[in-house]
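input_10.txt follows (compact mmCIF, C-alpha atoms):
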```txt
# COMPACT_ATOMS: atom_id res chain seq x y z
CA CYS A 1 -4.69 2.50 -8.50
CA GLU A 2 -5.02 6.25 -8.93
CA PRO A 3 -2.23 8.49 -7.62
CA ALA A 4 -2.61 9.48 -3.98
CA ARG A 5 -4.01 12.91 -3.27
CA SER A 6 -3.33 15.00 -0.20
CA ASP A 7 -7.03 15.42 0.54
CA ASP A 8 -8.20 11.82 0.72
CA GLY A 9 -5.76 10.13 3.12
CA ARG A 10 -4.17 8.13 0.31
CA GLU A 11 -0.75 9.60 0.97
CA TYR A 12 -0.55 7.06 3.80
CA LEU A 13 -0.99 4.01 1.54
CA ASP A 14 1.04 2.96 -1.48
CA CYS A 15 -0.80 1.52 -4.47
CA THR A 16 -0.43 -2.12 -3.42
CA ASN A 17 -1.64 -1.58 0.13
CA TRP A 18 -4.45 0.70 -1.08
CA ASN A 19 -5.83 -2.13 -3.25
CA TYR A 20 -5.57 -4.60 -0.38
CA PHE A 21 -7.30 -2.13 1.94
CA VAL A 22 -10.17 -1.51 -0.48
CA ASP A 23 -10.87 -5.26 -0.74
CA ALA A 24 -10.65 -5.80 3.03
CA ILE A 25 -13.15 -2.98 3.58
CA GLY A 26 -15.33 -4.06 0.66
CA ILE A 27 -16.36 -7.12 2.65
CA TRP A 28 -18.11 -4.95 5.27
CA LEU A 29 -21.28 -4.48 3.22
CA MET A 30 -21.26 -7.81 1.37
CA PRO A 31 -23.76 -10.54 2.35
CA VAL A 32 -21.05 -13.15 3.00
CA ARG A 33 -18.88 -14.37 5.85
CA ALA A 34 -15.51 -13.83 4.35
CA ARG A 35 -13.15 -16.01 6.41
CA LEU A 36 -10.87 -13.00 6.32
CA PHE A 37 -9.63 -10.36 8.76
CA MET A 38 -7.14 -7.52 8.46
CA PHE A 39 -4.11 -6.35 10.42
CA LEU A 40 -3.78 -2.61 9.67
CA VAL A 41 -0.21 -1.83 10.71
CA GLY A 42 1.63 1.47 10.71
CA GLU A 43 3.61 4.02 12.65
CA PRO A 44 1.90 6.19 15.25
CA ARG A 45 -0.03 9.09 13.68
CA SER A 46 -0.10 7.45 10.27
CA GLY A 47 -3.90 7.73 10.27
CA LYS A 48 -4.89 4.13 11.11
CA THR A 49 -7.39 4.82 13.88
CA THR A 50 -8.70 7.95 12.19
CA LEU A 51 -9.46 6.03 9.01
CA MET A 52 -11.07 3.01 10.63
CA MET A 53 -13.17 4.93 13.14
CA ALA A 54 -14.50 7.15 10.35
CA LEU A 55 -15.69 4.05 8.51
CA ALA A 56 -17.02 2.30 11.61
CA SER A 57 -18.92 5.45 12.58
CA ALA A 58 -20.94 5.10 9.37
CA LEU A 59 -22.14 1.71 10.65
CA GLY A 60 -23.15 2.91 14.08
CA LEU A 61 -19.90 2.91 16.08
CA LYS A 62 -18.52 6.05 17.66
CA ALA A 63 -15.65 6.81 20.04
CA ASP A 64 -16.42 8.94 23.05
CA ARG A 65 -14.52 12.17 22.49
CA GLY A 66 -13.85 12.54 26.21
CA ASP A 67 -12.27 9.11 26.46
CA GLU A 68 -8.52 9.36 25.86
CA ARG A 69 -8.26 5.65 25.15
CA GLY A 70 -10.81 5.92 22.38
CA ARG A 71 -13.21 3.29 23.67
CA ALA A 72 -16.16 2.87 21.37
CA ARG A 73 -19.88 2.73 21.89
CA ASN A 74 -22.95 2.58 19.67
CA SER A 75 -23.55 6.03 18.26
CA GLY A 76 -27.32 6.04 17.93
CA TYR A 77 -27.27 7.03 14.25
CA ASN A 78 -30.77 6.59 12.89
CA HIS A 79 -30.37 4.03 10.13
CA ASN A 80 -30.82 0.29 9.75
CA LEU A 81 -27.12 -0.56 9.95
CA ASP A 82 -26.63 0.52 13.56
CA GLY A 83 -24.76 -1.96 15.67
CA LEU A 84 -23.04 -3.98 12.94
CA VAL A 85 -19.57 -3.26 14.38
CA ALA A 86 -18.21 -4.55 17.69
CA PHE A 87 -15.22 -2.80 19.23
CA THR A 88 -12.80 -4.93 21.25
CA THR A 89 -9.10 -5.69 21.75
CA VAL A 90 -6.83 -8.63 21.10
CA SER A 91 -6.58 -9.14 24.86
CA GLN A 92 -10.35 -9.34 25.29
CA ILE A 93 -10.68 -11.91 22.53
CA GLY A 94 -8.45 -14.27 24.50
CA ASP A 95 -10.40 -13.84 27.77
CA ARG A 96 -13.03 -16.37 28.78
CA PHE A 97 -15.88 -13.85 28.70
CA GLY A 98 -14.27 -11.47 26.20
CA LYS A 99 -16.44 -12.54 23.27
CA ALA A 100 -19.76 -11.61 24.90
CA GLY A 101 -19.71 -8.20 23.21
CA LEU A 102 -19.74 -9.87 19.79
CA LEU A 103 -23.33 -11.08 20.10
CA GLY A 104 -25.51 -9.41 17.49
CA LYS A 105 -22.53 -7.98 15.60
CA ASP A 106 -21.06 -8.87 12.21
CA ILE A 107 -17.78 -6.91 12.04
CA LEU A 108 -15.06 -6.87 14.68
CA LEU A 109 -12.90 -3.75 15.01
CA GLY A 110 -9.99 -3.74 17.43
CA ASP A 111 -7.41 -1.14 18.45
CA GLU A 112 -4.43 -2.97 19.90
CA ASN A 113 -0.94 -1.69 20.58
CA LEU A 114 -0.32 -3.23 24.00
CA VAL A 115 -0.14 -6.98 23.36
CA ASP A 116 3.39 -8.14 22.45
CA ARG A 117 2.50 -11.79 21.90
CA ILE A 118 -0.56 -13.76 20.78
CA ASN A 119 -0.79 -17.35 22.02
CA TYR A 120 -4.38 -18.13 21.04
CA LEU A 121 -4.44 -18.12 17.26
CA ASP A 122 -7.13 -20.81 17.34
CA VAL A 123 -9.55 -18.21 18.72
CA PHE A 124 -9.02 -16.02 15.63
CA ASN A 125 -9.56 -19.07 13.43
CA GLN A 126 -12.89 -19.76 15.13
CA LEU A 127 -14.07 -16.15 15.03
CA PHE A 128 -13.34 -15.77 11.34
CA GLY A 129 -14.49 -19.07 9.89
CA GLN A 130 -16.72 -19.12 6.84
CA SER A 131 -19.60 -21.39 7.82
CA GLY A 132 -18.69 -22.45 11.35
CA GLU A 133 -19.82 -21.23 14.75
CA PHE A 134 -18.06 -20.32 17.97
CA LEU A 135 -19.06 -20.49 21.62
CA VAL A 136 -19.72 -17.27 23.55
CA GLU A 137 -19.46 -17.64 27.32
CA ARG A 138 -21.31 -15.10 29.44
CA LYS A 139 -21.14 -14.23 33.12
CA PHE A 140 -24.13 -15.56 35.09
CA LYS A 141 -25.81 -16.72 31.85
CA GLU A 142 -25.82 -19.85 29.75
CA PRO A 143 -23.23 -19.90 26.95
CA VAL A 144 -24.55 -19.54 23.42
CA ARG A 145 -23.25 -20.38 19.99
CA ARG A 146 -23.24 -17.86 17.17
CA PRO A 147 -22.11 -17.84 13.51
CA ALA A 148 -18.57 -16.74 12.68
CA MET A 149 -17.96 -13.03 12.27
CA LYS A 150 -18.28 -11.61 8.76
CA THR A 151 -14.82 -10.02 8.94
CA GLY A 152 -12.60 -7.96 11.23
CA ALA A 153 -9.85 -5.37 11.37
CA PHE A 154 -7.19 -4.82 14.03
CA ILE A 155 -5.33 -1.51 14.22
CA MET A 156 -1.78 -1.75 15.54
CA ASN A 157 1.60 -0.02 15.57
CA ASN A 158 3.48 -3.33 15.61
CA VAL A 159 2.43 -6.90 14.98
CA PRO A 160 2.51 -9.07 18.13
CA THR A 161 4.87 -12.03 18.08
CA LEU A 162 3.16 -15.17 16.79
CA ARG A 163 4.26 -18.77 17.11
CA ALA A 164 4.87 -19.96 13.57
CA GLY A 165 5.00 -23.41 12.06
CA SER A 166 1.86 -25.13 13.39
CA GLU A 167 -1.34 -26.07 11.55
CA VAL A 168 -3.14 -23.45 13.63
CA PHE A 169 -0.67 -20.82 12.44
CA ARG A 170 -1.18 -21.82 8.81
CA ALA A 171 -4.95 -21.55 9.21
CA PHE A 172 -4.43 -18.12 10.80
CA ILE A 173 -2.29 -16.98 7.86
CA ASP A 174 -4.92 -18.28 5.43
CA ARG A 175 -7.50 -15.93 6.97
CA LEU A 176 -5.23 -12.90 7.32
CA THR A 177 -4.71 -9.90 5.08
CA ILE A 178 -2.10 -7.28 6.00
CA VAL A 179 -2.22 -3.60 5.08
CA ALA A 180 0.79 -1.44 5.88
CA MET A 181 0.34 2.33 6.36
CA HIS A 182 3.22 4.77 6.41
CA LEU A 183 3.88 8.38 7.21
CA PRO A 184 4.20 10.62 4.14
CA ASP A 185 7.68 11.69 3.10
CA PRO A 186 8.55 14.48 5.54
CA GLY A 187 9.99 16.40 2.61
CA ASP A 188 6.61 16.63 0.92
CA PRO A 189 4.81 19.97 1.26
CA ARG A 190 1.94 19.59 3.72
CA GLU A 191 -0.72 21.94 4.90
CA PRO A 192 -0.79 22.91 8.56
CA GLU A 193 -2.70 20.14 10.31
CA GLY A 194 -5.56 22.32 11.48
CA GLU A 195 -6.15 23.70 7.99
CA ARG A 196 -6.02 20.23 6.46
CA ARG A 197 -8.57 18.86 8.91
CA ALA A 198 -10.82 21.85 8.32
CA ARG A 199 -10.66 21.38 4.55
CA ILE A 200 -11.41 17.63 4.78
CA ALA A 201 -14.38 18.12 7.07
CA GLY A 202 -15.60 21.22 5.29
CA PRO A 203 -15.82 24.52 7.18
CA ALA A 204 -19.56 24.83 6.57
CA ARG A 205 -20.33 21.52 8.25
CA LEU A 206 -18.88 22.09 11.71
CA PRO A 207 -18.14 25.10 13.91
CA LYS A 208 -14.56 26.28 14.28
CA GLU A 209 -14.46 24.95 17.85
CA ALA A 210 -14.73 21.40 16.50
CA PHE A 211 -11.18 21.59 15.20
CA ALA A 212 -9.64 22.20 18.63
CA GLY A 213 -9.55 18.48 19.49
CA PRO A 214 -6.73 16.00 18.79
CA VAL A 215 -6.24 14.67 15.29
CA GLU A 216 -7.24 11.20 16.52
CA MET A 217 -10.82 12.47 16.76
CA LEU A 218 -10.93 13.36 13.05
CA HIS A 219 -13.48 10.60 12.46
CA GLN A 220 -16.00 12.67 14.42
CA MET A 221 -15.65 15.48 11.88
CA ILE A 222 -16.01 13.41 8.69
CA PRO A 223 -19.66 13.32 7.64
CA GLU A 224 -21.26 9.92 8.07
CA GLY A 225 -22.55 10.00 4.49
CA GLU A 226 -19.09 10.34 2.96
CA ALA A 227 -17.73 7.39 4.92
CA PHE A 228 -20.73 5.27 3.96
CA GLU A 229 -20.31 6.17 0.29
CA PHE A 230 -16.72 4.91 0.47
CA LEU A 231 -17.90 1.62 2.01
CA LEU A 232 -20.38 1.20 -0.85
CA TRP A 233 -17.71 2.00 -3.43
CA ALA A 234 -15.30 -0.53 -1.89
CA ARG A 235 -18.04 -3.16 -1.86
CA VAL A 236 -18.63 -2.63 -5.61
CA GLN A 237 -14.91 -2.95 -6.37
CA LEU A 238 -14.66 -6.26 -4.56
CA GLY A 239 -18.02 -7.49 -5.85
CA ARG A 240 -16.73 -7.41 -9.42
CA ARG A 241 -14.29 -10.23 -8.59
CA VAL A 242 -16.31 -12.43 -6.20
CA LYS A 243 -17.35 -15.80 -7.63
CA TYR A 244 -20.54 -17.68 -6.66
CA ASN A 245 -21.82 -21.11 -7.70
CA GLU A 246 -25.26 -21.76 -9.22
CA ALA A 247 -26.77 -22.09 -5.74
CA GLY A 248 -25.58 -18.59 -4.90
CA GLU A 249 -22.91 -19.85 -2.49
CA LEU A 250 -19.55 -18.09 -2.26
CA VAL A 251 -16.86 -19.96 -4.18
CA ASP A 252 -13.97 -17.50 -4.21
CA LEU A 253 -13.79 -14.08 -2.58
CA ASN A 254 -10.85 -13.11 -4.82
CA ALA A 255 -9.81 -10.39 -2.39
CA ARG A 256 -6.45 -8.92 -3.34
CA ARG A 257 -3.78 -9.45 -0.67
CA TYR A 258 -0.15 -10.46 -0.19
CA SER A 259 0.77 -14.07 -1.01
CA VAL A 260 0.97 -16.61 1.83
CA GLN A 261 4.78 -16.42 1.93
CA GLU A 262 4.71 -12.62 1.80
CA ARG A 263 2.24 -12.57 4.69
CA MET A 264 4.47 -14.86 6.74
CA ASN A 265 7.53 -12.75 5.99
CA LEU A 266 5.70 -9.53 6.85
CA LEU A 267 4.48 -10.95 10.15
CA LEU A 268 7.96 -12.05 11.10
CA ASP A 269 9.57 -8.81 9.95
CA MET A 270 7.03 -6.66 11.80
CA SER A 271 6.79 -8.70 14.99
CA SER A 272 10.29 -9.71 16.03
CA SER A 273 14.02 -9.34 15.58
CA LEU A 274 14.41 -12.88 14.22
CA PRO A 275 14.48 -11.92 10.50
CA LYS A 276 17.26 -9.42 11.24
CA PHE A 277 19.19 -12.07 13.19
CA ARG A 278 18.89 -14.46 10.26
CA ARG A 279 20.16 -11.86 7.82
CA GLU A 280 23.08 -10.78 10.01
CA CYS A 281 24.22 -14.14 11.39
CA LEU A 282 23.45 -16.82 8.79
CA GLU A 283 24.58 -17.36 5.24
CA GLU A 284 23.47 -19.93 2.69
CA SER A 285 25.81 -22.92 2.50
CA PRO A 286 24.59 -26.10 0.74
CA GLY A 287 25.90 -29.16 2.55
CA SER A 288 26.45 -27.33 5.84
CA ALA A 289 24.44 -27.69 9.05
CA VAL A 290 24.14 -25.77 12.30
CA LYS A 291 23.29 -27.48 15.57
CA GLY A 292 19.98 -26.12 16.85
CA THR A 293 21.18 -25.20 20.34
CA ASP A 294 24.32 -23.54 18.92
CA LEU A 295 22.11 -21.42 16.68
CA TYR A 296 19.86 -20.54 19.62
CA ASN A 297 22.82 -19.63 21.85
CA THR A 298 24.15 -17.39 19.08
CA TYR A 299 20.74 -15.74 18.80
CA ILE A 300 20.66 -14.93 22.52
CA ALA A 301 24.22 -13.56 22.45
CA TRP A 302 23.29 -11.45 19.41
CA SER A 303 20.18 -10.18 21.23
CA ARG A 304 22.34 -9.11 24.21
CA ARG A 305 24.76 -7.23 21.98
CA ASN A 306 21.87 -5.44 20.27
CA GLY A 307 19.96 -4.60 23.44
CA GLN A 308 16.98 -6.76 22.46
CA THR A 309 16.86 -9.24 25.33
CA SER A 310 13.24 -8.33 26.09
CA GLU A 311 12.23 -9.82 22.71
CA VAL A 312 13.98 -13.17 23.15
CA VAL A 313 11.69 -16.12 22.43
CA LYS A 314 11.86 -19.60 23.91
CA LEU A 315 13.71 -22.43 22.20
CA ASN A 316 10.77 -24.20 20.52
CA THR A 317 9.33 -20.88 19.29
CA PHE A 318 12.78 -19.98 17.92
CA TYR A 319 12.97 -23.27 16.02
CA ALA A 320 9.49 -22.80 14.54
CA ASN A 321 10.31 -19.27 13.40
CA MET A 322 13.60 -20.35 11.82
CA VAL A 323 11.63 -22.88 9.75
CA ALA A 324 9.17 -20.15 8.77
CA LEU A 325 12.15 -18.05 7.66
CA GLY A 326 13.24 -20.75 5.25
CA LEU A 327 15.69 -22.96 7.20
CA HIS A 328 15.41 -26.74 6.89
CA ARG A 329 15.06 -28.42 10.29
CA ASP A 330 16.34 -31.97 10.61
CA ALA A 331 17.68 -34.43 13.19
CA ASP A 332 21.19 -35.86 12.99
CA SER A 333 20.95 -39.52 11.95
CA LYS A 334 23.32 -40.66 14.69
CA THR A 335 22.81 -38.36 17.66
CA LYS A 336 19.19 -37.32 16.92
CA VAL A 337 20.21 -33.76 17.80
CA ILE A 338 18.24 -31.05 15.98
CA VAL A 339 20.17 -29.32 13.21
CA PHE A 340 19.36 -26.74 10.53
CA ARG A 341 20.74 -27.66 7.14
CA GLY A 342 21.78 -25.52 4.19
CA ALA A 343 23.21 -22.64 6.23
CA ARG A 344 26.13 -21.77 8.45
CA LEU A 345 26.92 -19.12 11.06
CA LYS A 346 28.85 -16.06 9.93
CA SER A 347 32.16 -15.80 11.71
CA ASP A 348 31.47 -12.50 13.50
CA CYS A 349 28.27 -13.85 15.07
CA ALA A 350 29.87 -17.16 16.03
CA ASP A 351 32.83 -15.31 17.58
CA GLY A 352 30.50 -13.02 19.48
CA ALA A 353 28.63 -15.96 21.01
CA ALA A 354 31.91 -17.61 22.00
CA GLY A 355 33.11 -14.36 23.56
CA ASP A 356 29.98 -14.09 25.69
CA SER A 357 30.49 -17.64 26.91
CA LYS A 358 34.13 -17.01 27.89
CA ARG A 359 33.13 -13.89 29.86
CA GLY A 360 30.69 -15.95 31.90
CA ASN A 361 27.61 -14.69 30.10
CA GLY A 362 26.35 -18.10 29.07
CA ALA A 363 24.13 -17.63 26.07
CA LEU A 364 21.22 -19.27 27.85
CA GLY A 365 21.91 -17.54 31.16
CA SER A 366 18.75 -16.21 32.73
CA LEU A 367 16.96 -15.78 29.43
CA GLY A 368 15.42 -19.18 29.14
CA GLY A 369 15.45 -22.78 28.28
CA GLY A 370 17.76 -25.31 26.94
CA GLY A 371 16.84 -28.21 24.75
CA ARG A 372 18.27 -30.52 22.21
```
Whole structure given in structure tokens:
Amino acid sequence: CEPARSDDGREYLDCTNWNYFVDAIGIWLMPVRARLFMFLVGEPRSGKTTLMMALASALGLKADRGDERGRARNSGYNHNLDGLVAFTTVSQIGDRFGKAGLLGKDILLGDENLVDRINYLDVFNQLFGQSGEFLVERKFKEPVRRPAMKTGAFIMNNVPTLRAGSEVFRAFIDRLTIVAMHLPDPGDPREPEGERRARIAGPARLPKEAFAGPVEMLHQMIPEGEAFEFLLWARVQLGRRVKYNEAGELVDLNARRYSVQERMNLLLDMSSSLPKFRRECLEESPGSAVKGTDLYNTYIAWSRRNGQTSEVVKLNTFYANMVALGLHRDADSKTKVIVFRGARLKSDCADGAAGDSKRGNGALGSLGGGGR
């Protein structure tokens, strides 16, 4: 991709993530249901919401400037694409009546930084199928079925914890593309924020008073036409790679994104402390095996020492995530006890877990379940 420039927001995306972002956005104006949705992840003030709301505004969605939480509503722009985008949250998607706002919409946009765990991955799989339908329940009305959403994008500071290892999880991963945004190097020269916003929006387009608001409202200053032109450009880029059969049916979207294993690793790295635990407490050792409950007890002791007890997952979720991180789960042929083969505990972690037990801080303690 072209080098990032300080006037187009590209300083927040490296080349790889820029390409993945362009393809995820290119779907918005394509006449297909993509079986694909995006997690746009990045630090606070890295431009995630600004970028997405600017694009959604071009399709008839607009945040109320007076609403600090940035809730969205239809903007009333006078063109034929009004109302294509629905604004919701991860929490609402899991509610019984939370999908009612998706009727008549094609693209789902969500701003979610409050949910720390997602337990209903099957709902995402239904929403973002390719040819399927999903049921929409409505208060005081009959439920209706509607086609799957064309695509979606969820804006978040951190990825919620997901239960890995199941068929539902694999289907979720198959539909997911991840784009990671970052803050520019603080050592880079940057214009004062007010001047930069004024230059992007163009001083002739808006009065000076328009620049008094928070930077999160930047999407209200970017002309609708410029955002729409970018959507068209992204659609052309993706369209060059899409493959159809002779009947005009989509065969392969060919959207650029991380590999399946990279997506799994990114989700785990962004959503929990488990990858760090694996790196710090386990080492490869062909022929060795660690008893599952010993490994779990060590994990809880490690979490205590690192002040991360609020992130501790239950035993079965821990096992599933260890498998996703590359450990081989097995059952001892004699005792049928669960073990993980090909790795062993590092001595400092094993000693730390034993020390906690001797001091009366049983590794399971009040933090949750036992098991085999």
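Take the candidates A:Ala56, A:Leu102, A:Val337, A:Ala255 and check each one against Thr293 in chain A using all atoms listed in the file; the shortest distance goes to A:Val337.
With distances taken over all atoms listed in the file, A:Gly326 is the one residue among A:Gly326, A:Gly307, A:Gly248, A:Gly292 lying closest to Pro275 in chain A.
For the set A:Arg304, A:Arg235, A:Arg45, A:Arg256, the residue with the smallest atom-to-atom gap to Asn157 in chain A is A:Arg45, counting all atoms listed in the file.
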Practice problem: Kindly indicate which residue among A:Val323, A:Val312, A:Ala289, A:Ile118 lies nearest to Phe340 in chain A, using all atoms listed in the file for the distances. | Solution: A:Ala289
Self-check item: Interatomic distance, CA of Pro147 in chain A to CA of Gly60 in chain A (Å, one decimal)
Solution: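 Separation of CA of Pro147 in chain A and CA of Gly60 in chain A: 20.8 Å.
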Practice problem: Have a look at CA of Met53 in chain A and CA of Met264 in chain A and let me know their distance in Å, one decimal. | Solution: 27.3 Å
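Compared by their closest atoms to Gln126 in chain A, and using only C-alpha atoms, the residues A:Lys346, A:Lys105, A:Arg175, A:Lys139 rank with A:Arg175 nearest.
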Exercise. Pick out the residues sitting within 12 Å of Pro31 in chain A, and hand them over as a ChimeraX atom specification; count all atoms listed in the file, and ignore anything fewer than 4 positions along from it in its own chain.
Key: /A:26-27,106-107,130,149-151,235,239,242,244,248-250,253
Exercise. For Ala234 in chain A, please output as number ranges by chain all residues within 8 Å (counting only C-alpha atoms; exclusion window: fewer than 6 positions along the same chain).
Key: A: 22-23, 25-26
Selection to disk with C-alpha atoms, as a PDB file, keeping the file's coordinate frame:
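Contents of the output file part_19.pdb:
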```pdb
ATOM      1  CA  VAL A  22     -10.170  -1.510  -0.480  1.00  0.00           C
ATOM      2  CA  ASP A  23     -10.870  -5.260  -0.740  1.00  0.00           C
ATOM      3  CA  ILE A  25     -13.150  -2.980   3.580  1.00  0.00           C
ATOM      4  CA  GLY A  26     -15.330  -4.060   0.660  1.00  0.00           C
TER       5      GLY A  26
END
```
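Reported to one decimal place, the separation of CA of Tyr319 in chain A from CA of Tyr296 in chain A is 8.2 Å.
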Practice problem: Could you tell me which of A:Gly98, A:Arg257, A:Thr161, A:Glu43 comes closest to Tyr20 in chain A if we count all atoms listed in the file? | Solution: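 Counting all atoms listed in the file, the residue closest to Tyr20 in chain A is A:Arg257.
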